[in-house]
There are 2 protein chains.
Amino acid sequence: MSTVIINNINEIKNIVKEWKNNNYVIALVPTMGALHEGHASLIKRAKETCDKVIVSVFVNPIQFGHNEDFDKYPRTLDNDKKLCDELGADIIFAPTPKEMYGENNKLNNTDLTFVCPPYSLVDCLCGKSRPGHFDGVATVVLKLFNITNADFAFFGQKDAQQLFIIKKMVKDLNLNINIIPCPIVREPDGLALSSRNSYLSREERAWALSISKAIKQIDTLFNQGINDTNILFDSALSVLNKNLEIEYIEFRDFETFEKVKSAKENTLAAIAVKSGKTRLIDNTIL
Amino acid sequence: MSTVIINNINEIKNIVKEWKNNNYVIALVPTMGALHEGHASLIKRAKETCDKVIVSVFVNPIQFGHNEDFDKYPRTLDNDKKLCDELGADIIFAPTPKEMYGENNKLNNTDLTFVCPPYSLVDCLCGKSRPGHFDGVATVVLKLFNITNADFAFFGQKDAQQLFIIKKMVKDLNLNINIIPCPIVREPDGLALSSRNSYLSREERAWALSISKAIKQIDTLFNQGINDTNILFDSALSVLNKNLEIEYIEFRDFETFEKVKSAKENTLAAIAVKSGKTRLIDNTIL
C-alpha cells in the first residue's frame with residue numbers, strides 16, 4: 001500500500017483515533033521534508049518498532065529567522081512520497097503553515113501559545129545564532145505530538161541540541177511519548193547528510209568535508225585517552241578547512257548540557273560552521 | 001467507594017492507562033484545593049459527564065509571585081477528601097512541588113520548559129499585576145492534562161482570563177481535550193466563592209460584597225440596553241465600596257479578548273480589587 005498524504009489536522013486526528021481504538025502503536029518521524037538517507041534510517045527504525053508510521057513533512061516558519069532560508073529550503077514532496085512508499089510509511093502529514101498556525105504564521109507570531117525550553121538550553125550552540133529557533137521547534141514538535149498522538153518519535157542525533165531540548169520538554173511537560181534518538185548517517189566520504197547540503201557548490205562541499213574529519217579526529221583522540229577539551233578543540237580546529245567560517249566547537253555533558261573541561265563518556269562534541277553561505281552542523285557523542 | 005489520594009505521577013499514569021484500555025472517559029478538575037461549593041459544582045458536572053473523575057489538588061508554586069500568598073494559601077486536604085468522597089470523585093491527585101518540578105520548584109524556575117501564552121493575553125487584567133502568573137498556570141495545566149490523559153477538563157468561569165488562556169492553549173497546541181467552562185457559584189448574598197475569601201475579616205467581607213453588586217449592576221444595565229462601557233464602568237465604580245482598592249474594571253470581547261467600547265453579547269465584564277490585603281476577582285459574561 002502506498003503512503004497517503006494528508007494535509008488536514010482533523011483528518012489525521014480521526015485516522016489516529018481509529019488506530020488507537022485498534023491498539024496500534026504509532027510512530028512519528030518529524031521532518032522538514034527533502035528526505036535523504038538520514039530520514040530513511042529514522043523511518044526504517046520506526047517501521048521496525050511500531051505498527052503505524054507517520055512522517056510529518058513541514059517546513060516550520062516559526063523556527064526560521066528573517067534572514068534565514070525558509071523560502072529557499074528545498075521542498076520535494078513528490079520524491080519524499082516515493083521514499084515513504086518504498087519504506088512503507090503509512091501517512092505523510094504535510095500541512096500548510098496556515099493549517100498549523102492560522103493566518104499569523106510567521107516567526108514573530110505574537111498570537112500563539114509557545115513552548116519555551118529553558119534559557120540555558122537555547123542560549124548556546126545553534127540557539128545563540130538563531131534566536132527564537134528552539135521555541136519554534138519545541139512548539140511545532142509538541143503540536144505534532146498532539147496531532148499524531150504518537151507513542152514513539154524518532155529524531156536524528158545530528159540535531160543534538162534539538163534532541164536534548166525535545167527530551168527535556170517530554171520530561172518537563174510529562175508527555176506520554178518515547179523519544180528514540182538515531183545515529184547520524186553519512187555520505188561514503190564522511191559528510192553528515194543534511195537537506196542543506198544541496199545548497200553547497202562543489203568547492204564548498206569539499207571544504208565541508210573537513211567538518212566530519214574534525215569530528216572523527218575528536219573521537220580518535222578521545223579513544224586514545226585524551227580528555228582535555230582544549231586539546232581536542234585545537235586539534236579539531238587544525239583539521240577544519242580554512243575557508244570555513246567557524247561558529248562554534250563545543251564540548252557539553254549530554255546529561256546536563258553543561259560545558260565540560262574534561263571530556264568523558266556521554267560528552268557531546270559539536271561543531272557548527274558556514275561553508276560559503278550554508279550553515280552546517282555535525283557532532284559526536286563520545 | 002471513597003476517593004483515593006495519589007501523590008505520584010507514575011502511579012496515576014498507570015491507573016489512567018488501565019482506564020484508557022477500558023475506554024473510560026476521564027474528567028479532570030484542576031484545583032489548588034481548599035475546595036468549596038464552586039469546586040463542588042465542577043466535580044458534580046464532571047461526574048455527570050464522564051466515567052472517571054480526577055480532582056487535582058496542587059498549590060502550584062510557579063504561578064505565585066514572590067510577594068504573593070503561596071505560603072499562606074489554605075491547605076485542607078482532609079476536608080477536600082471528604083468533599084470528594086461525598087461527590088464520588090475517583091482520585092485526588094495531590095503531588096508535592098518536588099514531584100511536579102524536581103528540586104528547582106519555585107516561580108523563578110529557570111531549568112523548566114514553560115508554556116507561554118501570547119503576550120496580548122497575559123499582559124492585561126490579572127496578568128498585569130501578576131507577571132509570570134499565566135505562564136505558570138498554562139505550564140501546570142498542560143502537565144496535568146498529560147499526566148491524567150483526561151478527555152474533559154472543567155474550569156470555573158470565575159477565573160475568566162485563565163479559562164480564555166487555557167482554551168487558547170488547547171487550540172494552539174492541538175491538545176486532545178475538551179474544556180468545559182462552568183458558571184460562577186456565589187454565597188446566598190452574592191459574593192463569588194473563592195478559597196481566598198477565608199482571608200477576609202468580617203469588615204473586609206462586607207466591603208467585598210459590593211464587587212458582586214457591581215457585577216450585577218453591569219448585568220442589569222446591559223439588559224436594559226446600555227452598551228457604552230464608559231457608562232457601565234462608572235456605574236460599577238459607584239457601587240464598589242470606597243474601602244476597596246480597585247485594580248481594574250474592564251470590558252473585553254470573550255472571542256478575541258480585545259477591549260470593547262460597546263458591550264455586546266459575549267462581552268466579559270471583569271473586576272479585580274483588594275479588600276484589605278486580599279485580592280479578589282469577579283466577572284460576568286454578558
# chains A, B, ... in the order shown; residues from 1 in each chain; ligands from 1

$ calpha_fit_and_write --fixed "chain B" --moving "chain A" --output "short mmCIF file (atom, residue, chain, number, x, y, z; two decimals) with C-alpha atoms, in the first residue's frame"
data_model
loop_
_atom_site.label_atom_id
_atom_site.label_comp_id
_atom_site.auth_asym_id
_atom_site.auth_seq_id
_atom_site.Cartn_x
_atom_site.Cartn_y
_atom_site.Cartn_z
CA MET A 1 -16.07 3.74 47.19
CA SER A 2 -14.03 6.51 48.71
CA THR A 3 -11.70 8.79 46.81
CA VAL A 4 -8.11 7.60 46.56
CA ILE A 5 -5.32 10.13 47.15
CA ILE A 6 -2.35 9.70 44.84
CA ASN A 7 0.86 11.75 45.06
CA ASN A 8 2.98 10.02 42.48
CA ILE A 9 2.96 10.83 38.76
CA ASN A 10 3.86 7.34 37.53
CA GLU A 11 1.23 5.78 39.77
CA ILE A 12 -1.59 7.89 38.38
CA LYS A 13 -0.30 7.46 34.81
CA ASN A 14 -0.56 3.68 35.26
CA ILE A 15 -4.11 3.88 36.57
CA VAL A 16 -5.11 6.15 33.72
CA LYS A 17 -3.56 3.76 31.20
CA GLU A 18 -5.74 0.99 32.62
CA TRP A 19 -8.82 3.23 32.40
CA LYS A 20 -8.01 4.10 28.80
CA ASN A 21 -7.72 0.41 27.96
CA ASN A 22 -11.27 0.06 29.28
CA ASN A 23 -12.41 3.01 27.16
CA TYR A 24 -13.43 5.05 30.18
CA VAL A 25 -14.00 8.74 29.57
CA ILE A 26 -11.82 10.66 32.01
CA ALA A 27 -12.52 14.03 33.63
CA LEU A 28 -10.02 16.33 35.26
CA VAL A 29 -10.99 19.06 37.71
CA PRO A 30 -7.80 21.07 38.32
CA THR A 31 -7.82 22.88 41.67
CA MET A 32 -5.48 24.30 44.28
CA GLY A 33 -7.54 22.58 46.97
CA ALA A 34 -9.36 24.36 49.81
CA LEU A 35 -12.39 23.09 47.95
CA HIS A 36 -15.69 24.97 48.24
CA GLU A 37 -19.09 24.75 46.57
CA GLY A 38 -17.64 26.30 43.41
CA HIS A 39 -15.29 23.34 43.05
CA ALA A 40 -18.12 21.00 44.06
CA SER A 41 -20.17 22.25 41.11
CA LEU A 42 -17.27 21.37 38.77
CA ILE A 43 -16.89 17.90 40.29
CA LYS A 44 -20.64 17.25 40.03
CA ARG A 45 -20.62 18.32 36.41
CA ALA A 46 -17.60 16.08 35.72
CA LYS A 47 -19.30 13.16 37.44
CA GLU A 48 -22.42 13.59 35.27
CA THR A 49 -20.44 13.65 32.01
CA CYS A 50 -17.57 11.21 32.48
CA ASP A 51 -16.82 7.70 33.72
CA LYS A 52 -13.89 8.62 35.94
CA VAL A 53 -13.20 11.86 37.80
CA ILE A 54 -9.76 13.07 38.88
CA VAL A 55 -9.56 16.15 41.11
CA SER A 56 -6.06 17.59 41.20
CA VAL A 57 -5.15 19.43 44.40
CA PHE A 58 -1.91 21.31 43.90
CA VAL A 59 -0.86 24.76 45.09
CA ASN A 60 1.37 25.48 42.12
CA PRO A 61 4.51 27.36 43.22
CA ILE A 62 5.45 28.56 39.73
CA GLN A 63 2.29 30.64 39.37
CA PHE A 64 2.83 32.67 42.57
CA GLY A 65 4.90 35.86 42.72
CA HIS A 66 7.46 36.33 45.49
CA ASN A 67 5.19 38.74 47.34
CA GLU A 68 2.09 36.61 46.90
CA ASP A 69 0.30 34.16 49.16
CA PHE A 70 1.89 30.82 48.21
CA ASP A 71 2.89 30.05 51.81
CA LYS A 72 -0.36 31.05 53.43
CA TYR A 73 -2.69 29.68 50.74
CA PRO A 74 -5.10 27.35 52.62
CA ARG A 75 -4.24 23.63 52.51
CA THR A 76 -7.17 21.51 53.69
CA LEU A 77 -6.59 18.08 52.15
CA ASP A 78 -8.64 16.22 54.80
CA ASN A 79 -11.70 18.34 54.09
CA ASP A 80 -11.04 18.18 50.36
CA LYS A 81 -11.07 14.40 50.58
CA LYS A 82 -14.38 14.39 52.47
CA LEU A 83 -15.99 16.52 49.78
CA CYS A 84 -14.57 14.30 47.03
CA ASP A 85 -15.82 11.21 48.85
CA GLU A 86 -19.32 12.67 49.03
CA LEU A 87 -19.32 13.65 45.38
CA GLY A 88 -17.88 10.34 44.19
CA ALA A 89 -14.62 11.57 42.68
CA ASP A 90 -12.34 8.62 41.93
CA ILE A 91 -8.94 10.14 42.57
CA ILE A 92 -7.42 13.17 44.24
CA PHE A 93 -4.07 13.80 42.59
CA ALA A 94 -2.04 15.74 45.18
CA PRO A 95 1.63 15.81 44.19
CA THR A 96 4.36 17.73 45.99
CA PRO A 97 6.10 20.61 44.19
CA LYS A 98 9.17 18.37 44.02
CA GLU A 99 7.20 15.59 42.33
CA MET A 100 5.98 18.10 39.74
CA TYR A 101 9.15 20.14 39.14
CA GLY A 102 12.08 18.45 40.79
CA GLU A 103 14.32 20.36 43.18
CA ASN A 104 14.06 23.73 41.43
CA ASN A 105 10.34 24.23 42.01
CA LYS A 106 9.92 27.97 42.57
CA LEU A 107 8.44 30.79 40.44
CA ASN A 108 11.82 31.67 38.98
CA ASN A 109 12.48 28.11 37.87
CA THR A 110 14.97 28.60 35.05
CA ASP A 111 15.51 24.92 34.37
CA LEU A 112 11.99 24.22 33.13
CA THR A 113 10.27 24.05 29.77
CA PHE A 114 7.46 26.59 30.06
CA VAL A 115 4.22 27.06 28.18
CA CYS A 116 3.92 30.77 27.34
CA PRO A 117 0.52 32.08 26.26
CA PRO A 118 0.52 35.07 23.87
CA TYR A 119 1.72 38.30 25.43
CA SER A 120 -1.52 40.07 24.49
CA LEU A 121 -3.46 37.67 26.74
CA VAL A 122 -1.14 37.75 29.75
CA ASP A 123 -0.16 41.43 29.87
CA CYS A 124 -3.60 42.62 30.94
CA LEU A 125 -6.20 42.17 33.66
CA CYS A 126 -4.84 39.83 36.35
CA GLY A 127 -1.64 39.16 34.38
CA LYS A 128 -0.63 42.82 34.58
CA SER A 129 -0.24 42.72 38.36
CA ARG A 130 0.96 39.10 38.38
CA PRO A 131 3.90 38.82 35.94
CA GLY A 132 4.70 35.20 35.08
CA HIS A 133 1.44 34.00 36.66
CA PHE A 134 -0.22 32.74 33.50
CA ASP A 135 2.96 31.08 32.20
CA GLY A 136 2.95 29.13 35.45
CA VAL A 137 -0.75 28.35 35.10
CA ALA A 138 -0.51 27.20 31.47
CA THR A 139 2.54 25.08 32.26
CA VAL A 140 0.99 23.25 35.21
CA VAL A 141 -2.31 22.77 33.43
CA LEU A 142 -0.60 21.20 30.41
CA LYS A 143 1.36 18.94 32.76
CA LEU A 144 -1.87 17.89 34.50
CA PHE A 145 -3.54 17.25 31.14
CA ASN A 146 -0.66 14.97 30.13
CA ILE A 147 -0.44 13.21 33.49
CA THR A 148 -4.16 12.45 33.63
CA ASN A 149 -4.74 11.96 29.89
CA ALA A 150 -8.18 13.46 30.53
CA ASP A 151 -10.82 13.75 27.82
CA PHE A 152 -12.59 16.64 29.55
CA ALA A 153 -11.36 19.31 31.93
CA PHE A 154 -13.68 21.52 33.98
CA PHE A 155 -12.79 25.14 34.76
CA GLY A 156 -14.75 27.77 36.63
CA GLN A 157 -15.68 30.92 34.77
CA LYS A 158 -14.67 32.94 37.82
CA ASP A 159 -11.08 32.83 36.53
CA ALA A 160 -12.23 34.07 33.15
CA GLN A 161 -8.80 35.12 31.88
CA GLN A 162 -7.37 31.75 32.90
CA LEU A 163 -10.24 30.00 31.12
CA PHE A 164 -9.60 32.01 27.96
CA ILE A 165 -5.86 31.31 28.07
CA ILE A 166 -6.40 27.57 28.60
CA LYS A 167 -8.84 27.38 25.69
CA LYS A 168 -6.31 29.25 23.53
CA MET A 169 -3.57 26.81 24.59
CA VAL A 170 -5.75 23.83 23.69
CA LYS A 171 -6.38 25.30 20.24
CA ASP A 172 -2.81 26.48 19.58
CA LEU A 173 -1.12 23.26 20.72
CA ASN A 174 -3.77 20.92 19.22
CA LEU A 175 -4.47 19.27 22.56
CA ASN A 176 -6.90 16.35 22.58
CA ILE A 177 -9.03 17.57 25.46
CA ASN A 178 -12.34 19.37 25.77
CA ILE A 179 -12.56 22.36 28.09
CA ILE A 180 -15.88 22.73 29.88
CA PRO A 181 -16.47 26.18 31.41
CA CYS A 182 -18.74 26.20 34.45
CA PRO A 183 -20.66 29.16 35.93
CA ILE A 184 -19.56 31.13 38.98
CA VAL A 185 -21.03 29.87 42.26
CA ARG A 186 -21.97 32.53 44.82
CA GLU A 187 -22.81 32.81 48.50
CA PRO A 188 -26.51 33.47 49.18
CA ASP A 189 -25.72 37.20 49.44
CA GLY A 190 -23.89 37.20 46.07
CA LEU A 191 -20.18 37.04 46.98
CA ALA A 192 -18.37 34.82 44.46
CA LEU A 193 -16.90 31.76 46.15
CA SER A 194 -13.11 31.76 46.45
CA SER A 195 -10.65 29.92 48.63
CA ARG A 196 -9.18 33.34 49.34
CA ASN A 197 -12.42 34.54 50.98
CA SER A 198 -11.11 32.80 54.11
CA TYR A 199 -8.52 35.58 54.41
CA LEU A 200 -11.24 38.25 54.84
CA SER A 201 -12.10 39.88 58.16
CA ARG A 202 -15.79 40.50 58.77
CA GLU A 203 -15.38 44.12 57.68
CA GLU A 204 -13.36 43.24 54.56
CA ARG A 205 -16.01 40.71 53.60
CA ALA A 206 -18.71 43.37 53.87
CA TRP A 207 -16.71 45.63 51.54
CA ALA A 208 -16.09 42.70 49.15
CA LEU A 209 -19.81 42.09 48.81
CA SER A 210 -20.03 45.24 46.69
CA ILE A 211 -17.97 43.53 43.95
CA SER A 212 -20.80 41.14 43.11
CA LYS A 213 -23.23 44.06 43.40
CA ALA A 214 -21.18 45.98 40.82
CA ILE A 215 -21.14 42.95 38.52
CA LYS A 216 -24.88 42.58 38.93
CA GLN A 217 -25.32 46.28 38.19
CA ILE A 218 -23.43 45.88 34.90
CA ASP A 219 -25.65 42.92 33.99
CA THR A 220 -28.80 44.84 34.82
CA LEU A 221 -27.86 47.96 32.85
CA PHE A 222 -26.74 45.88 29.86
CA ASN A 223 -30.06 44.05 29.88
CA GLN A 224 -31.76 47.45 29.90
CA GLY A 225 -29.98 48.22 26.62
CA ILE A 226 -26.97 50.21 27.87
CA ASN A 227 -23.88 49.23 25.85
CA ASP A 228 -21.49 52.12 26.40
CA THR A 229 -18.71 50.66 28.54
CA ASN A 230 -17.86 54.11 29.95
CA ILE A 231 -21.32 54.28 31.44
CA LEU A 232 -21.13 50.67 32.65
CA PHE A 233 -17.69 51.39 34.14
CA ASP A 234 -18.86 54.48 36.03
CA SER A 235 -21.91 52.73 37.29
CA ALA A 236 -19.90 49.76 38.58
CA LEU A 237 -17.42 52.15 40.17
CA SER A 238 -20.21 53.95 42.01
CA VAL A 239 -21.40 50.66 43.51
CA LEU A 240 -17.97 49.45 44.70
CA ASN A 241 -17.28 50.12 48.37
CA LYS A 242 -14.87 53.03 48.84
CA ASN A 243 -12.59 50.94 51.07
CA LEU A 244 -11.73 48.60 48.22
CA GLU A 245 -8.55 49.22 46.27
CA ILE A 246 -9.63 48.86 42.65
CA GLU A 247 -7.19 47.14 40.30
CA TYR A 248 -9.31 47.07 37.17
CA ILE A 249 -12.83 47.18 35.77
CA GLU A 250 -12.62 46.00 32.17
CA PHE A 251 -14.77 45.01 29.24
CA ARG A 252 -13.37 42.54 26.69
CA ASP A 253 -14.74 40.52 23.82
CA PHE A 254 -14.69 36.91 25.03
CA GLU A 255 -13.98 35.66 21.48
CA THR A 256 -10.92 37.83 20.80
CA PHE A 257 -10.06 39.18 24.28
CA GLU A 258 -9.87 42.67 22.82
CA LYS A 259 -11.16 45.66 24.79
CA VAL A 260 -14.58 46.81 23.66
CA LYS A 261 -16.11 50.28 23.84
CA SER A 262 -19.56 48.98 23.22
CA ALA A 263 -20.62 45.88 25.15
CA LYS A 264 -22.49 43.16 23.30
CA GLU A 265 -23.34 39.53 23.83
CA ASN A 266 -20.28 37.53 24.91
CA THR A 267 -18.53 40.61 26.33
CA LEU A 268 -16.62 39.81 29.52
CA ALA A 269 -17.05 42.40 32.26
CA ALA A 270 -14.37 41.75 34.89
CA ILE A 271 -13.41 43.39 38.17
CA ALA A 272 -10.36 42.94 40.40
CA VAL A 273 -9.90 44.66 43.74
CA LYS A 274 -8.12 44.35 47.02
CA SER A 275 -10.18 44.18 50.16
CA GLY A 276 -7.62 44.78 52.87
CA LYS A 277 -4.69 42.68 51.71
CA THR A 278 -6.81 40.11 49.89
CA ARG A 279 -7.02 40.22 46.11
CA LEU A 280 -10.47 39.26 44.81
CA ILE A 281 -11.94 38.95 41.31
CA ASP A 282 -15.41 38.59 39.86
CA ASN A 283 -16.97 38.82 36.42
CA THR A 284 -19.91 38.24 34.17
CA ILE A 285 -20.17 37.30 30.53
CA LEU A 286 -22.93 39.47 29.10
#

$ select_by_dssp --residues "segment 19-247 of chain B" --states "helix (DSSP H, G or I)" --output "MDAnalysis selection string"
chainID B and resid 19:21 37:49 61:63 77:87 97:101 119:122 125:129 133:148 160:172 195:199 202:223 229:239

$ select_by_dssp --residues "segment 96-240 of chain A" --states "strand (DSSP E)" --output "list in words"
Phe114, Val115, Cys116, Phe152, Ala153, Phe154, Phe155, Gly156, Asn178, Ile179, Ile180, Pro181 and Cys182 of chain A

$ write_last_selection --atoms "N, CA and C atoms" --output "short mmCIF file (atom, residue, chain, number, x, y, z; two decimals), in the first residue's frame"
data_model
loop_
_atom_site.label_atom_id
_atom_site.label_comp_id
_atom_site.auth_asym_id
_atom_site.auth_seq_id
_atom_site.Cartn_x
_atom_site.Cartn_y
_atom_site.Cartn_z
N PHE A 114 3.28 29.55 22.91
CA PHE A 114 4.57 28.94 22.58
C PHE A 114 5.02 27.98 23.67
N VAL A 115 5.83 27.02 23.27
CA VAL A 115 6.57 26.20 24.23
C VAL A 115 7.99 26.76 24.29
N CYS A 116 8.44 27.13 25.48
CA CYS A 116 9.74 27.78 25.63
C CYS A 116 10.66 26.92 26.48
N PHE A 152 5.79 6.77 19.89
CA PHE A 152 7.24 6.90 19.73
C PHE A 152 7.53 7.98 18.69
N ALA A 153 8.57 8.76 18.93
CA ALA A 153 9.01 9.73 17.93
C ALA A 153 10.50 9.55 17.72
N PHE A 154 10.91 9.62 16.46
CA PHE A 154 12.29 9.30 16.08
C PHE A 154 13.00 10.57 15.63
N PHE A 155 14.12 10.87 16.29
CA PHE A 155 14.89 12.08 15.98
C PHE A 155 16.34 11.71 15.68
N GLY A 156 16.91 12.39 14.71
CA GLY A 156 18.32 12.15 14.39
C GLY A 156 19.22 12.84 15.40
N ASN A 178 7.64 8.38 23.75
CA ASN A 178 9.04 7.96 23.92
C ASN A 178 9.87 8.50 22.77
N ILE A 179 10.97 9.15 23.12
CA ILE A 179 11.85 9.73 22.10
C ILE A 179 12.98 8.74 21.80
N ILE A 180 13.11 8.40 20.53
CA ILE A 180 14.14 7.45 20.11
C ILE A 180 15.19 8.20 19.30
N PRO A 181 16.39 8.38 19.86
CA PRO A 181 17.46 9.04 19.12
C PRO A 181 18.08 8.05 18.14
N CYS A 182 18.42 8.53 16.97
CA CYS A 182 19.01 7.65 15.94
C CYS A 182 20.33 8.26 15.45
#
